[in-house]
file run_26.pdb (PDB, C-alpha atoms and all ligand atoms)
ATOM      1  CA  MET R  15     -14.613  -2.895  18.831
ATOM      2  CA  VAL R  16     -16.339  -1.564  15.747
ATOM      3  CA  PHE R  17     -15.056  -2.691  12.393
ATOM      4  CA  CYS R  18     -16.301  -1.140   9.173
ATOM      5  CA  PRO R  19     -14.879  -1.180   5.649
ATOM      6  CA  LEU R  20     -15.612   2.238   4.104
ATOM      7  CA  TYR R  21     -14.378   1.401   0.614
ATOM      8  CA  SER R  22     -12.894  -1.823  -0.714
ATOM      9  CA  SER R  23     -11.783  -2.618  -4.249
ATOM     10  CA  SER R  24      -8.824  -2.396  -6.610
ATOM     11  CA  SER R  25      -9.677   1.275  -7.036
ATOM     12  CA  GLY R  26      -9.622   2.322  -3.384
ATOM     13  CA  ASN R  27      -9.509   0.937   0.149
ATOM     14  CA  ALA R  28     -10.166   2.371   3.596
ATOM     15  CA  THR R  29     -11.321   0.596   6.756
ATOM     16  CA  PHE R  30     -12.535   2.118  10.026
ATOM     17  CA  ILE R  31     -11.749   0.421  13.349
ATOM     18  CA  ALA R  32     -12.633   1.847  16.744
ATOM     19  CA  THR R  33     -12.779   1.122  20.441
ATOM     20  CA  LYS R  34     -14.808   3.331  22.797
ATOM     21  CA  SER R  35     -11.914   5.802  23.020
ATOM     22  CA  THR R  36      -9.757   5.358  19.901
ATOM     23  CA  ALA R  37     -10.514   5.241  16.175
ATOM     24  CA  ILE R  38      -8.096   4.520  13.339
ATOM     25  CA  LEU R  39      -8.215   3.945   9.606
ATOM     26  CA  VAL R  40      -6.373   1.158   7.851
ATOM     27  CA  ASP R  41      -5.383   2.632   4.469
ATOM     28  CA  ALA R  42      -6.841   5.745   2.878
ATOM     29  CA  GLY R  43      -6.970   4.843  -0.787
ATOM     30  CA  VAL R  44      -9.795   7.120  -1.880
ATOM     31  CA  ASN R  45      -9.747  10.901  -1.636
ATOM     32  CA  ALA R  46     -10.225  12.567   1.738
ATOM     33  CA  LEU R  47     -13.609  14.018   0.866
ATOM     34  CA  ARG R  48     -15.050  10.602   0.068
ATOM     35  CA  ILE R  49     -13.625   9.210   3.306
ATOM     36  CA  GLU R  50     -15.205  12.108   5.190
ATOM     37  CA  THR R  51     -18.579  11.291   3.596
ATOM     38  CA  ALA R  52     -18.281   7.627   4.552
ATOM     39  CA  LEU R  53     -17.264   8.492   8.126
ATOM     40  CA  ALA R  54     -20.303  10.776   8.452
ATOM     41  CA  GLU R  55     -22.516   7.872   7.380
ATOM     42  CA  ILE R  56     -21.411   5.881  10.426
ATOM     43  CA  GLY R  57     -21.597   8.869  12.751
ATOM     44  CA  ALA R  58     -17.847   9.562  12.842
ATOM     45  CA  SER R  59     -15.553  12.261  11.490
ATOM     46  CA  PHE R  60     -11.875  12.955  10.921
ATOM     47  CA  SER R  61     -11.706  14.563  14.367
ATOM     48  CA  ASP R  62     -12.221  11.051  15.826
ATOM     49  CA  ILE R  63      -9.387   9.469  13.836
ATOM     50  CA  LYS R  64      -6.129   9.181  15.790
ATOM     51  CA  ALA R  65      -4.011   7.727  12.948
ATOM     52  CA  VAL R  66      -4.066   6.094   9.534
ATOM     53  CA  ILE R  67      -2.013   2.917   9.249
ATOM     54  CA  ILE R  68      -0.830   1.959   5.771
ATOM     55  CA  THR R  69      -0.413  -1.522   4.282
ATOM     56  CA  HIS R  70       1.676  -0.462   1.249
ATOM     57  CA  GLU R  71       2.325   2.364  -1.177
ATOM     58  CA  HIS R  72      -0.004   1.487  -4.063
ATOM     59  CA  ILE R  73      -2.306   4.376  -4.891
ATOM     60  CA  ASP R  74      -5.503   2.439  -4.049
ATOM     61  CA  HIS R  75      -4.244   2.425  -0.428
ATOM     62  CA  ILE R  76      -2.790   5.939  -0.008
ATOM     63  CA  ARG R  77      -4.657   8.341  -2.318
ATOM     64  CA  GLY R  78      -6.072  10.443   0.540
ATOM     65  CA  ILE R  79      -3.128  10.592   2.964
ATOM     66  CA  GLY R  80      -1.669  13.962   1.911
ATOM     67  CA  VAL R  81      -4.904  15.859   2.513
ATOM     68  CA  ILE R  82      -5.713  13.844   5.647
ATOM     69  CA  ALA R  83      -2.329  14.700   7.164
ATOM     70  CA  ARG R  84      -2.210  18.368   6.089
ATOM     71  CA  ARG R  85      -5.824  19.462   6.445
ATOM     72  CA  HIS R  86      -6.910  17.253   9.311
ATOM     73  CA  GLY R  87      -3.565  16.952  11.114
ATOM     74  CA  ILE R  88      -3.807  13.166  11.388
ATOM     75  CA  PRO R  89      -0.578  11.125  11.705
ATOM     76  CA  ILE R  90       0.096   8.568   8.978
ATOM     77  CA  ILE R  91       1.871   5.393  10.130
ATOM     78  CA  ALA R  92       3.874   3.091   7.828
ATOM     79  CA  ASN R  93       7.137   1.172   7.875
ATOM     80  CA  HIS R  94      10.413   2.519   6.471
ATOM     81  CA  GLY R  95      10.183   0.756   3.110
ATOM     82  CA  THR R  96       6.651   1.963   2.503
ATOM     83  CA  TRP R  97       7.518   5.570   3.452
ATOM     84  CA  GLU R  98      10.486   5.477   1.094
ATOM     85  CA  ALA R  99       8.224   4.393  -1.761
ATOM     86  CA  ILE R 100       5.433   6.857  -0.899
ATOM     87  CA  ILE R 101       7.877   9.776  -0.869
ATOM     88  CA  GLU R 102       9.664   8.654  -4.018
ATOM     89  CA  GLN R 103       6.487   8.230  -6.072
ATOM     90  CA  GLY R 104       4.968  11.462  -4.711
ATOM     91  CA  LYS R 105       1.424  10.525  -5.770
ATOM     92  CA  ALA R 106      -0.503  11.215  -2.588
ATOM     93  CA  GLY R 107       0.656  14.789  -2.043
ATOM     94  CA  GLU R 108       2.978  16.072   0.649
ATOM     95  CA  VAL R 109       2.713  14.481   4.099
ATOM     96  CA  PRO R 110       4.334  16.947   6.554
ATOM     97  CA  PHE R 111       7.412  15.451   8.190
ATOM     98  CA  GLU R 112       5.946  15.628  11.709
ATOM     99  CA  LYS R 113       2.918  13.605  10.562
ATOM    100  CA  ARG R 114       5.046  10.730   9.247
ATOM    101  CA  ILE R 115       5.277   7.991  11.852
ATOM    102  CA  TYR R 116       7.472   4.938  11.319
ATOM    103  CA  PHE R 117       7.053   1.461  12.787
ATOM    104  CA  GLU R 118       9.505  -1.412  12.947
ATOM    105  CA  HIS R 119       9.056  -4.849  11.393
ATOM    106  CA  ASN R 120       7.115  -7.405  13.439
ATOM    107  CA  THR R 121       6.906  -5.087  16.421
ATOM    108  CA  THR R 122       3.616  -4.297  18.123
ATOM    109  CA  PHE R 123       2.820  -0.600  18.486
ATOM    110  CA  TYR R 124      -0.114   1.223  20.061
ATOM    111  CA  VAL R 125      -2.525   3.907  18.969
ATOM    112  CA  GLY R 126      -4.476   4.805  22.113
ATOM    113  CA  ASP R 127      -5.834   1.537  23.462
ATOM    114  CA  ILE R 128      -5.465  -0.347  20.174
ATOM    115  CA  ALA R 129      -2.496  -2.728  19.809
ATOM    116  CA  ILE R 130      -1.294  -3.112  16.224
ATOM    117  CA  THR R 131       1.029  -5.881  15.047
ATOM    118  CA  PRO R 132       2.253  -5.660  11.452
ATOM    119  CA  PHE R 133       3.348  -8.771   9.566
ATOM    120  CA  GLU R 134       4.987  -9.172   6.184
ATOM    121  CA  THR R 135       2.845  -9.926   3.108
ATOM    122  CA  HIS R 136       4.041 -10.949  -0.363
ATOM    123  CA  HIS R 137       3.208  -8.302  -2.927
ATOM    124  CA  ASP R 138       4.960  -6.248  -5.606
ATOM    125  CA  ALA R 139       5.461  -3.335  -3.233
ATOM    126  CA  ASN R 140       8.489  -2.158  -1.280
ATOM    127  CA  SER R 141       7.579  -3.548   2.149
ATOM    128  CA  SER R 142       3.898  -4.521   2.252
ATOM    129  CA  VAL R 143       2.248  -5.647   5.487
ATOM    130  CA  GLY R 144      -0.955  -6.999   6.933
ATOM    131  CA  TYR R 145      -2.089  -6.161  10.459
ATOM    132  CA  CYS R 146      -3.422  -7.801  13.597
ATOM    133  CA  ILE R 147      -5.392  -5.246  15.562
ATOM    134  CA  GLU R 148      -6.232  -6.031  19.167
ATOM    135  CA  HIS R 149      -8.087  -4.513  22.082
ATOM    136  CA  GLY R 150      -8.769  -6.466  25.270
ATOM    137  CA  SER R 151      -9.520 -10.010  24.159
ATOM    138  CA  SER R 152     -10.775  -8.988  20.696
ATOM    139  CA  LYS R 153      -8.645  -9.498  17.611
ATOM    140  CA  ILE R 154      -9.115  -8.370  14.021
ATOM    141  CA  SER R 155      -6.748  -9.465  11.254
ATOM    142  CA  ILE R 156      -6.369  -7.802   7.886
ATOM    143  CA  ILE R 157      -4.681  -9.413   4.924
ATOM    144  CA  SER R 158      -4.792  -7.135   1.950
ATOM    145  CA  ASP R 159      -2.828  -7.352  -1.274
ATOM    146  CA  THR R 160      -0.644 -10.485  -1.263
ATOM    147  CA  GLY R 161       0.205 -13.171  -3.798
ATOM    148  CA  THR R 162       0.581 -15.924  -1.220
ATOM    149  CA  VAL R 163      -0.314 -16.546   2.412
ATOM    150  CA  SER R 164       2.718 -18.012   4.161
ATOM    151  CA  LYS R 165       2.794 -20.121   7.324
ATOM    152  CA  ALA R 166       4.129 -17.093   9.187
ATOM    153  CA  MET R 167       1.144 -15.019   8.094
ATOM    154  CA  LYS R 168      -1.234 -17.776   9.165
ATOM    155  CA  SER R 169       0.332 -17.947  12.595
ATOM    156  CA  HIS R 170      -0.324 -14.212  12.991
ATOM    157  CA  ILE R 171      -4.022 -14.430  12.133
ATOM    158  CA  ALA R 172      -4.749 -17.450  14.363
ATOM    159  CA  GLY R 173      -7.306 -16.644  17.050
ATOM    160  CA  SER R 174      -8.944 -13.738  15.199
ATOM    161  CA  ASP R 175     -12.572 -12.769  15.806
ATOM    162  CA  ILE R 176     -12.736 -11.058  12.427
ATOM    163  CA  LEU R 177     -10.639 -11.819   9.369
ATOM    164  CA  MET R 178     -10.734  -9.361   6.498
ATOM    165  CA  ILE R 179      -8.952 -10.895   3.539
ATOM    166  CA  GLU R 180      -8.500 -10.045  -0.113
ATOM    167  CA  PHE R 181     -10.641 -12.085  -2.508
ATOM    168  CA  ASN R 182      -9.164 -10.427  -5.568
ATOM    169  CA  TYR R 183     -10.026 -12.578  -8.564
ATOM    170  CA  ASP R 184     -11.841 -15.608  -9.832
ATOM    171  CA  GLU R 185      -9.129 -17.614 -11.555
ATOM    172  CA  HIS R 186     -11.304 -18.595 -14.508
ATOM    173  CA  MET R 187     -12.483 -15.019 -15.068
ATOM    174  CA  LEU R 188      -8.945 -13.641 -14.903
ATOM    175  CA  LYS R 189      -7.408 -16.239 -17.208
ATOM    176  CA  ASN R 190     -10.205 -15.920 -19.782
ATOM    177  CA  GLY R 191     -10.756 -12.188 -19.414
ATOM    178  CA  GLY R 192      -9.496  -9.235 -21.390
ATOM    179  CA  TYR R 193      -6.489  -8.186 -19.291
ATOM    180  CA  PRO R 194      -3.164  -8.031 -21.184
ATOM    181  CA  ALA R 195      -0.887 -11.034 -20.628
ATOM    182  CA  PHE R 196       1.670  -9.103 -18.537
ATOM    183  CA  LEU R 197      -1.013  -7.934 -16.125
ATOM    184  CA  LYS R 198      -2.492 -11.434 -15.780
ATOM    185  CA  LYS R 199       1.006 -12.712 -15.025
ATOM    186  CA  ARG R 200       1.546 -10.007 -12.405
ATOM    187  CA  ILE R 201      -1.765 -10.688 -10.647
ATOM    188  CA  LEU R 202      -1.264 -14.477 -10.694
ATOM    189  CA  SER R 203       2.337 -14.317  -9.422
ATOM    190  CA  ALA R 204       3.472 -15.107  -5.885
ATOM    191  CA  LYS R 205       3.800 -11.345  -5.341
ATOM    192  CA  GLY R 206       0.469 -10.445  -6.922
ATOM    193  CA  HIS R 207      -3.008 -10.926  -5.496
ATOM    194  CA  LEU R 208      -5.063 -13.730  -3.929
ATOM    195  CA  SER R 209      -7.591 -15.720  -5.946
ATOM    196  CA  ASN R 210     -10.951 -16.622  -4.450
ATOM    197  CA  ASP R 211      -9.754 -20.204  -3.957
ATOM    198  CA  ASP R 212      -6.482 -19.146  -2.281
ATOM    199  CA  ALA R 213      -8.366 -16.849   0.088
ATOM    200  CA  ALA R 214     -11.047 -19.460   0.812
ATOM    201  CA  GLU R 215      -8.340 -21.829   1.991
ATOM    202  CA  VAL R 216      -7.170 -19.178   4.487
ATOM    203  CA  VAL R 217     -10.761 -18.584   5.593
ATOM    204  CA  ALA R 218     -11.071 -22.321   6.326
ATOM    205  CA  PHE R 219      -7.809 -22.217   8.300
ATOM    206  CA  ALA R 220      -8.996 -19.234  10.345
ATOM    207  CA  ALA R 221     -12.333 -20.951  10.998
ATOM    208  CA  HIS R 222     -10.503 -23.986  12.401
ATOM    209  CA  GLN R 223      -8.741 -21.527  14.726
ATOM    210  CA  GLY R 224     -12.056 -20.145  15.967
ATOM    211  CA  CYS R 225     -12.771 -17.188  13.658
ATOM    212  CA  ARG R 226     -16.458 -16.774  12.806
ATOM    213  CA  LYS R 227     -16.660 -13.432  10.992
ATOM    214  CA  PHE R 228     -15.160 -13.024   7.552
ATOM    215  CA  VAL R 229     -15.010  -9.944   5.385
ATOM    216  CA  LEU R 230     -14.108 -10.575   1.751
ATOM    217  CA  SER R 231     -12.293  -7.511   0.449
ATOM    218  CA  HIS R 232     -10.489  -5.874  -2.473
ATOM    219  CA  LEU R 233     -12.507  -7.651  -5.198
ATOM    220  CA  SER R 234     -11.396  -6.883  -8.747
ATOM    221  CA  LYS R 235     -14.181  -5.198 -10.701
ATOM    222  CA  GLU R 236     -13.125  -6.915 -13.924
ATOM    223  CA  ASN R 237     -12.124 -10.372 -12.714
ATOM    224  CA  ASN R 238     -14.523 -11.180  -9.897
ATOM    225  CA  THR R 239     -18.101 -10.926  -8.692
ATOM    226  CA  PRO R 240     -19.416 -10.714  -5.116
ATOM    227  CA  GLU R 241     -21.288 -13.993  -5.759
ATOM    228  CA  ALA R 242     -18.151 -15.851  -6.907
ATOM    229  CA  ALA R 243     -16.174 -14.621  -3.887
ATOM    230  CA  TYR R 244     -18.978 -15.501  -1.452
ATOM    231  CA  ASP R 245     -19.425 -18.978  -2.970
ATOM    232  CA  ALA R 246     -15.702 -19.706  -2.681
ATOM    233  CA  ALA R 247     -15.642 -18.663   0.994
ATOM    234  CA  PHE R 248     -18.813 -20.652   1.681
ATOM    235  CA  GLN R 249     -17.323 -23.772   0.053
ATOM    236  CA  GLY R 250     -14.134 -23.336   2.088
ATOM    237  CA  LEU R 251     -16.137 -23.162   5.303
ATOM    238  CA  ARG R 252     -18.298 -26.169   4.417
ATOM    239  CA  GLU R 253     -15.237 -28.321   4.865
ATOM    240  CA  CYS R 254     -15.000 -27.270   8.528
ATOM    241  CA  SER R 255     -17.199 -29.897  10.103
ATOM    242  CA  GLU R 256     -17.212 -28.180  13.516
ATOM    243  CA  LEU R 257     -19.024 -25.122  12.156
ATOM    244  CA  ARG R 258     -22.721 -24.540  12.408
ATOM    245  CA  GLU R 259     -23.881 -22.339   9.553
ATOM    246  CA  GLU R 260     -25.719 -19.877  11.780
ATOM    247  CA  SER R 261     -22.583 -19.144  13.792
ATOM    248  CA  VAL R 262     -20.705 -17.839  10.772
ATOM    249  CA  GLU R 263     -20.950 -14.449   9.132
ATOM    250  CA  ILE R 264     -19.559 -13.788   5.659
ATOM    251  CA  LEU R 265     -19.690 -10.230   4.354
ATOM    252  CA  VAL R 266     -18.502  -9.089   0.959
ATOM    253  CA  ALA R 267     -17.072  -5.578   1.414
ATOM    254  CA  ARG R 268     -18.730  -3.100  -0.933
ATOM    255  CA  PRO R 269     -16.453  -1.309  -3.397
ATOM    256  CA  GLU R 270     -17.974   2.175  -3.392
ATOM    257  CA  LYS R 271     -20.051   2.276  -0.222
ATOM    258  CA  VAL R 272     -19.837   1.677   3.481
ATOM    259  CA  THR R 273     -20.204  -1.998   4.409
ATOM    260  CA  LYS R 274     -22.379  -2.922   7.380
ATOM    261  CA  PRO R 275     -20.321  -2.366  10.566
ATOM    262  CA  ILE R 276     -19.448  -5.426  12.654
ATOM    263  CA  ILE R 277     -19.327  -5.045  16.422
ATOM    264  CA  ILE R 278     -17.306  -7.468  18.530
TER     265      ILE R 278
HETATM  266 ZN    ZN R 301      -4.633  -2.767  -3.579
HETATM  267 ZN    ZN R 302      -1.214  -3.357  -4.043
END
call {"tool": "encode", "arguments": {"input": "run_26.pdb", "output": "C-alpha cells", "more": "lines below"}}
Ligand SMILES: [Zn+2]
Ligand SMILES: [Zn+2]
result
Amino acid sequence: MVFCPLYSSSSGNATFIATKSTAILVDAGVNALRIETALAEIGASFSDIKAVIITHEHIDHIRGIGVIARRHGIPIIANHGTWEAIIEQGKAGEVPFEKRIYFEHNTTFYVGDIAITPFETHHDANSSVGYCIEHGSSKISIISDTGTVSKAMKSHIAGSDILMIEFNYDEHMLKNGGYPAFLKKRILSAKGHLSNDDAAEVVAFAAHQGCRKFVLSHLSKENNTPEAAYDAAFQGLRECSELREESVEILVARPEKVTKPIII
C-alpha cells in the first residue's frame, strides 16, 4: 500500500491511500483544486480515486467534497450522523444524493480491495470516527481529531504497520498562548484535540504492539511546532526498550504540502 498525507493541519486535511488497483482519500478538507495539484505531484489524479471517506463534518475535513462529488463524480462516504451535520451546515456545497454513501457504526466496508473499519472517536462533532484501513496483511490506522484515546480505540489500532495520529498542541504553548479562554477550554476538553503528550502515549502503545511507522498529523499552527511534536513522539518511543532506533520512522505531516509517501 501507498500512504501519503497531502495536507495536514487545523486548516485542512486530506490523505491518499492506495493499493495497486484502488485509491481513496481520507478527508478532503482543502479545496478540490489544491487536492488535484497534490495528487498530480505523486503521479495520481481524481480519476484514480474511488471514494473519499470522511472522519467528521468540520470544515478542515470536508471543504472539497462538493466539487469532488459533482465535478469528478466521486462517491463520498460517511456515517449517518456526519451526513446529517454536513447537510445541515451546508458549508461544502451540494453533494448529489447518489454520491452520498452511508456506513454503519463499527462495521467493516470495502472500497475495491481496501477494507475499512471505522471506530468512534471523542470530538465535538456529531459522530466522529477514526479508521483502520487494511489490504492483505497490511494495516494503516488513522486517529484524527479526538480529545481522548479510549481503550476501545487502542484495541482497534493494535497491529498497525502505520499509525497516523493527531499531535494537535503542545500543552505549554496552548495554555500560555493567545487563544481566548473558551477556545483553550474546548481544545483541552475530553471532546477536543490531542496534546503532544497524549498522542505520544498512544504512539508508545502502538509501538509495543509492533507498529514502526508513525505519522504525526493535524498540528496546530499557533500552539505547536514540528520539533515539539517530533520530540514528544521520540520520548514516548524511547520508553519502549524493545525498539531499535533505526527500525522506527517518525514523520511529521506537512501542513501545506505533500508529505513523503510511505510504502508498506
Ligand atoms: Zn480537524
Ligand atoms: Zn474537528
call {"tool": "resolve_selection", "arguments": {"input": "run_26.pdb", "expression": "the PyMOL selection byres (((chain R and resi 141) around 6) and not hetatm)", "output": "JSON, numbers by chain"}}
result
{"R": [95, 96, 139, 140, 142]}
call {"tool": "resolve_selection", "arguments": {"input": "run_26.pdb", "expression": "the PyMOL selection byres (((not hetatm)) within 10 of (chain R and resi 302))", "output": "list in words"}}
result
Ser24, Thr69, His70, Glu71, His72, Ile73, Asp74, His75, His136, His137, Asp138, Ala139, Ser142, Ser158, Asp159, Thr160, Gly161, Ile201, Lys205, Gly206, His207 and His232 of chain R
call {"tool": "closest_residue", "arguments": {"input": "run_26.pdb", "among": "R:Arg252, R:Arg48, R:Arg85, R:Lys153", "to": "Phe17 (chain R)", "atoms": "all atoms listed in the file"}}
result
R:Lys153
call {"tool": "resolve_selection", "arguments": {"input": "run_26.pdb", "expression": "the PyMOL selection byres (((chain R and resi 269) around 7) and not hetatm)", "output": "PyMOL selection string"}}
result
chain R and resi 21-23+267-268+270-271
call {"tool": "atom_distance", "arguments": {"input": "run_26.pdb", "atom1": "CA of Pro110 (chain R)", "atom2": "CA of Ile76 (chain R)"}}
result
14.7 Å
call {"tool": "residues_near_point", "arguments": {"input": "run_26.pdb", "point": "(-23.9, -11.3, 5.3)", "cutoff": "12 Å", "atoms": "only C-alpha atoms", "output": "list in words"}}
result
Arg226, Lys227, Phe228, Val229, Leu230, Pro240, Glu241, Tyr244, Ala247, Phe248, Glu259, Glu260, Ser261, Val262, Glu263, Ile264, Leu265, Val266, Ala267, Arg268, Thr273, Lys274, Pro275 and Ile276 of chain R
call {"tool": "atom_distance", "arguments": {"input": "run_26.pdb", "atom1": "CA of Ser155 (chain R)", "atom2": "CA of Gln249 (chain R)"}}
result
21.0 Å
call {"tool": "closest_residue", "arguments": {"input": "run_26.pdb", "among": "R:Ala204, R:Leu188, R:Ile128, R:Ile179", "to": "Ser164 (chain R)", "atoms": "only C-alpha atoms"}}
result
R:Ala204
call {"tool": "closest_residue", "arguments": {"input": "run_26.pdb", "among": "R:Val143, R:Ala246, R:Ala214, R:Ile79", "to": "ligand ZN 301 (chain R)", "atoms": "only C-alpha atoms and all ligand atoms"}}
result
R:Val143
call {"tool": "axis_aligned_box", "arguments": {"input": "run_26.pdb", "around": "region 137-149 of chain R", "padding_each_side": "8 Å", "output": "lines of an AutoDock Vina configuration file"}}
result
center_x = 0.2
center_y = -5.2
center_z = 8.2
size_x = 32.6
size_y = 22.1
size_z = 43.7
call {"tool": "build_atoms", "arguments": {"input": "run_26.pdb", "residues": "region 87-115 of chain R", "atoms": "N, CA and C atoms", "output": "PDB file, in the coordinates of the input"}}
result
ATOM      1  N   GLY R  87      -4.612  17.102  10.095  1.00  0.00           N
ATOM      2  CA  GLY R  87      -3.565  16.952  11.114  1.00  0.00           C
ATOM      3  C   GLY R  87      -3.423  15.546  11.669  1.00  0.00           C
ATOM      4  N   ILE R  88      -3.818  14.555  10.875  1.00  0.00           N
ATOM      5  CA  ILE R  88      -3.807  13.166  11.388  1.00  0.00           C
ATOM      6  C   ILE R  88      -2.480  12.487  11.027  1.00  0.00           C
ATOM      7  N   PRO R  89      -1.832  11.835  12.008  1.00  0.00           N
ATOM      8  CA  PRO R  89      -0.578  11.125  11.705  1.00  0.00           C
ATOM      9  C   PRO R  89      -0.809   9.933  10.773  1.00  0.00           C
ATOM     10  N   ILE R  90       0.149   9.706   9.904  1.00  0.00           N
ATOM     11  CA  ILE R  90       0.096   8.568   8.978  1.00  0.00           C
ATOM     12  C   ILE R  90       1.224   7.628   9.388  1.00  0.00           C
ATOM     13  N   ILE R  91       0.892   6.348   9.594  1.00  0.00           N
ATOM     14  CA  ILE R  91       1.871   5.393  10.130  1.00  0.00           C
ATOM     15  C   ILE R  91       2.167   4.315   9.082  1.00  0.00           C
ATOM     16  N   ALA R  92       3.461   4.139   8.777  1.00  0.00           N
ATOM     17  CA  ALA R  92       3.874   3.091   7.828  1.00  0.00           C
ATOM     18  C   ALA R  92       5.292   2.662   8.187  1.00  0.00           C
ATOM     19  N   ASN R  93       5.753   1.567   7.585  1.00  0.00           N
ATOM     20  CA  ASN R  93       7.137   1.172   7.875  1.00  0.00           C
ATOM     21  C   ASN R  93       8.107   1.931   6.960  1.00  0.00           C
ATOM     22  N   HIS R  94       9.401   1.732   7.179  1.00  0.00           N
ATOM     23  CA  HIS R  94      10.413   2.519   6.471  1.00  0.00           C
ATOM     24  C   HIS R  94      10.342   2.304   4.958  1.00  0.00           C
ATOM     25  N   GLY R  95      10.220   1.046   4.543  1.00  0.00           N
ATOM     26  CA  GLY R  95      10.183   0.756   3.110  1.00  0.00           C
ATOM     27  C   GLY R  95       8.990   1.400   2.427  1.00  0.00           C
ATOM     28  N   THR R  96       7.865   1.371   3.085  1.00  0.00           N
ATOM     29  CA  THR R  96       6.651   1.963   2.503  1.00  0.00           C
ATOM     30  C   THR R  96       6.783   3.479   2.441  1.00  0.00           C
ATOM     31  N   TRP R  97       7.319   4.108   3.489  1.00  0.00           N
ATOM     32  CA  TRP R  97       7.518   5.570   3.452  1.00  0.00           C
ATOM     33  C   TRP R  97       8.453   5.965   2.314  1.00  0.00           C
ATOM     34  N   GLU R  98       9.530   5.190   2.168  1.00  0.00           N
ATOM     35  CA  GLU R  98      10.486   5.477   1.094  1.00  0.00           C
ATOM     36  C   GLU R  98       9.765   5.513  -0.251  1.00  0.00           C
ATOM     37  N   ALA R  99       8.927   4.489  -0.483  1.00  0.00           N
ATOM     38  CA  ALA R  99       8.224   4.393  -1.761  1.00  0.00           C
ATOM     39  C   ALA R  99       7.170   5.491  -1.911  1.00  0.00           C
ATOM     40  N   ILE R 100       6.463   5.801  -0.834  1.00  0.00           N
ATOM     41  CA  ILE R 100       5.433   6.857  -0.899  1.00  0.00           C
ATOM     42  C   ILE R 100       6.093   8.186  -1.284  1.00  0.00           C
ATOM     43  N   ILE R 101       7.211   8.490  -0.629  1.00  0.00           N
ATOM     44  CA  ILE R 101       7.877   9.776  -0.869  1.00  0.00           C
ATOM     45  C   ILE R 101       8.461   9.806  -2.286  1.00  0.00           C
ATOM     46  N   GLU R 102       9.061   8.702  -2.689  1.00  0.00           N
ATOM     47  CA  GLU R 102       9.664   8.654  -4.018  1.00  0.00           C
ATOM     48  C   GLU R 102       8.627   8.809  -5.126  1.00  0.00           C
ATOM     49  N   GLN R 103       7.482   8.146  -4.989  1.00  0.00           N
ATOM     50  CA  GLN R 103       6.487   8.230  -6.072  1.00  0.00           C
ATOM     51  C   GLN R 103       5.694   9.534  -6.016  1.00  0.00           C
ATOM     52  N   GLY R 104       5.573  10.137  -4.838  1.00  0.00           N
ATOM     53  CA  GLY R 104       4.968  11.462  -4.711  1.00  0.00           C
ATOM     54  C   GLY R 104       3.535  11.589  -5.206  1.00  0.00           C
ATOM     55  N   LYS R 105       2.769  10.485  -5.173  1.00  0.00           N
ATOM     56  CA  LYS R 105       1.424  10.525  -5.770  1.00  0.00           C
ATOM     57  C   LYS R 105       0.332  10.980  -4.826  1.00  0.00           C
ATOM     58  N   ALA R 106       0.589  10.937  -3.535  1.00  0.00           N
ATOM     59  CA  ALA R 106      -0.503  11.215  -2.588  1.00  0.00           C
ATOM     60  C   ALA R 106      -0.411  12.624  -2.012  1.00  0.00           C
ATOM     61  N   GLY R 107       0.481  13.435  -2.568  1.00  0.00           N
ATOM     62  CA  GLY R 107       0.656  14.789  -2.043  1.00  0.00           C
ATOM     63  C   GLY R 107       1.559  14.773  -0.827  1.00  0.00           C
ATOM     64  N   GLU R 108       2.013  15.942  -0.442  1.00  0.00           N
ATOM     65  CA  GLU R 108       2.978  16.072   0.649  1.00  0.00           C
ATOM     66  C   GLU R 108       2.365  15.643   1.994  1.00  0.00           C
ATOM     67  N   VAL R 109       3.070  14.771   2.706  1.00  0.00           N
ATOM     68  CA  VAL R 109       2.713  14.481   4.099  1.00  0.00           C
ATOM     69  C   VAL R 109       3.753  15.202   4.957  1.00  0.00           C
ATOM     70  N   PRO R 110       3.352  16.208   5.761  1.00  0.00           N
ATOM     71  CA  PRO R 110       4.334  16.947   6.554  1.00  0.00           C
ATOM     72  C   PRO R 110       5.192  15.993   7.389  1.00  0.00           C
ATOM     73  N   PHE R 111       6.463  16.344   7.529  1.00  0.00           N
ATOM     74  CA  PHE R 111       7.412  15.451   8.190  1.00  0.00           C
ATOM     75  C   PHE R 111       6.915  15.004   9.569  1.00  0.00           C
ATOM     76  N   GLU R 112       6.352  15.958  10.326  1.00  0.00           N
ATOM     77  CA  GLU R 112       5.946  15.628  11.709  1.00  0.00           C
ATOM     78  C   GLU R 112       4.716  14.709  11.746  1.00  0.00           C
ATOM     79  N   LYS R 113       4.066  14.528  10.608  1.00  0.00           N
ATOM     80  CA  LYS R 113       2.918  13.605  10.562  1.00  0.00           C
ATOM     81  C   LYS R 113       3.305  12.223  10.051  1.00  0.00           C
ATOM     82  N   ARG R 114       4.582  12.046   9.716  1.00  0.00           N
ATOM     83  CA  ARG R 114       5.046  10.730   9.247  1.00  0.00           C
ATOM     84  C   ARG R 114       5.558   9.928  10.435  1.00  0.00           C
ATOM     85  N   ILE R 115       4.858   8.847  10.738  1.00  0.00           N
ATOM     86  CA  ILE R 115       5.277   7.991  11.852  1.00  0.00           C
ATOM     87  C   ILE R 115       5.761   6.656  11.272  1.00  0.00           C
TER      88      ILE R 115
END
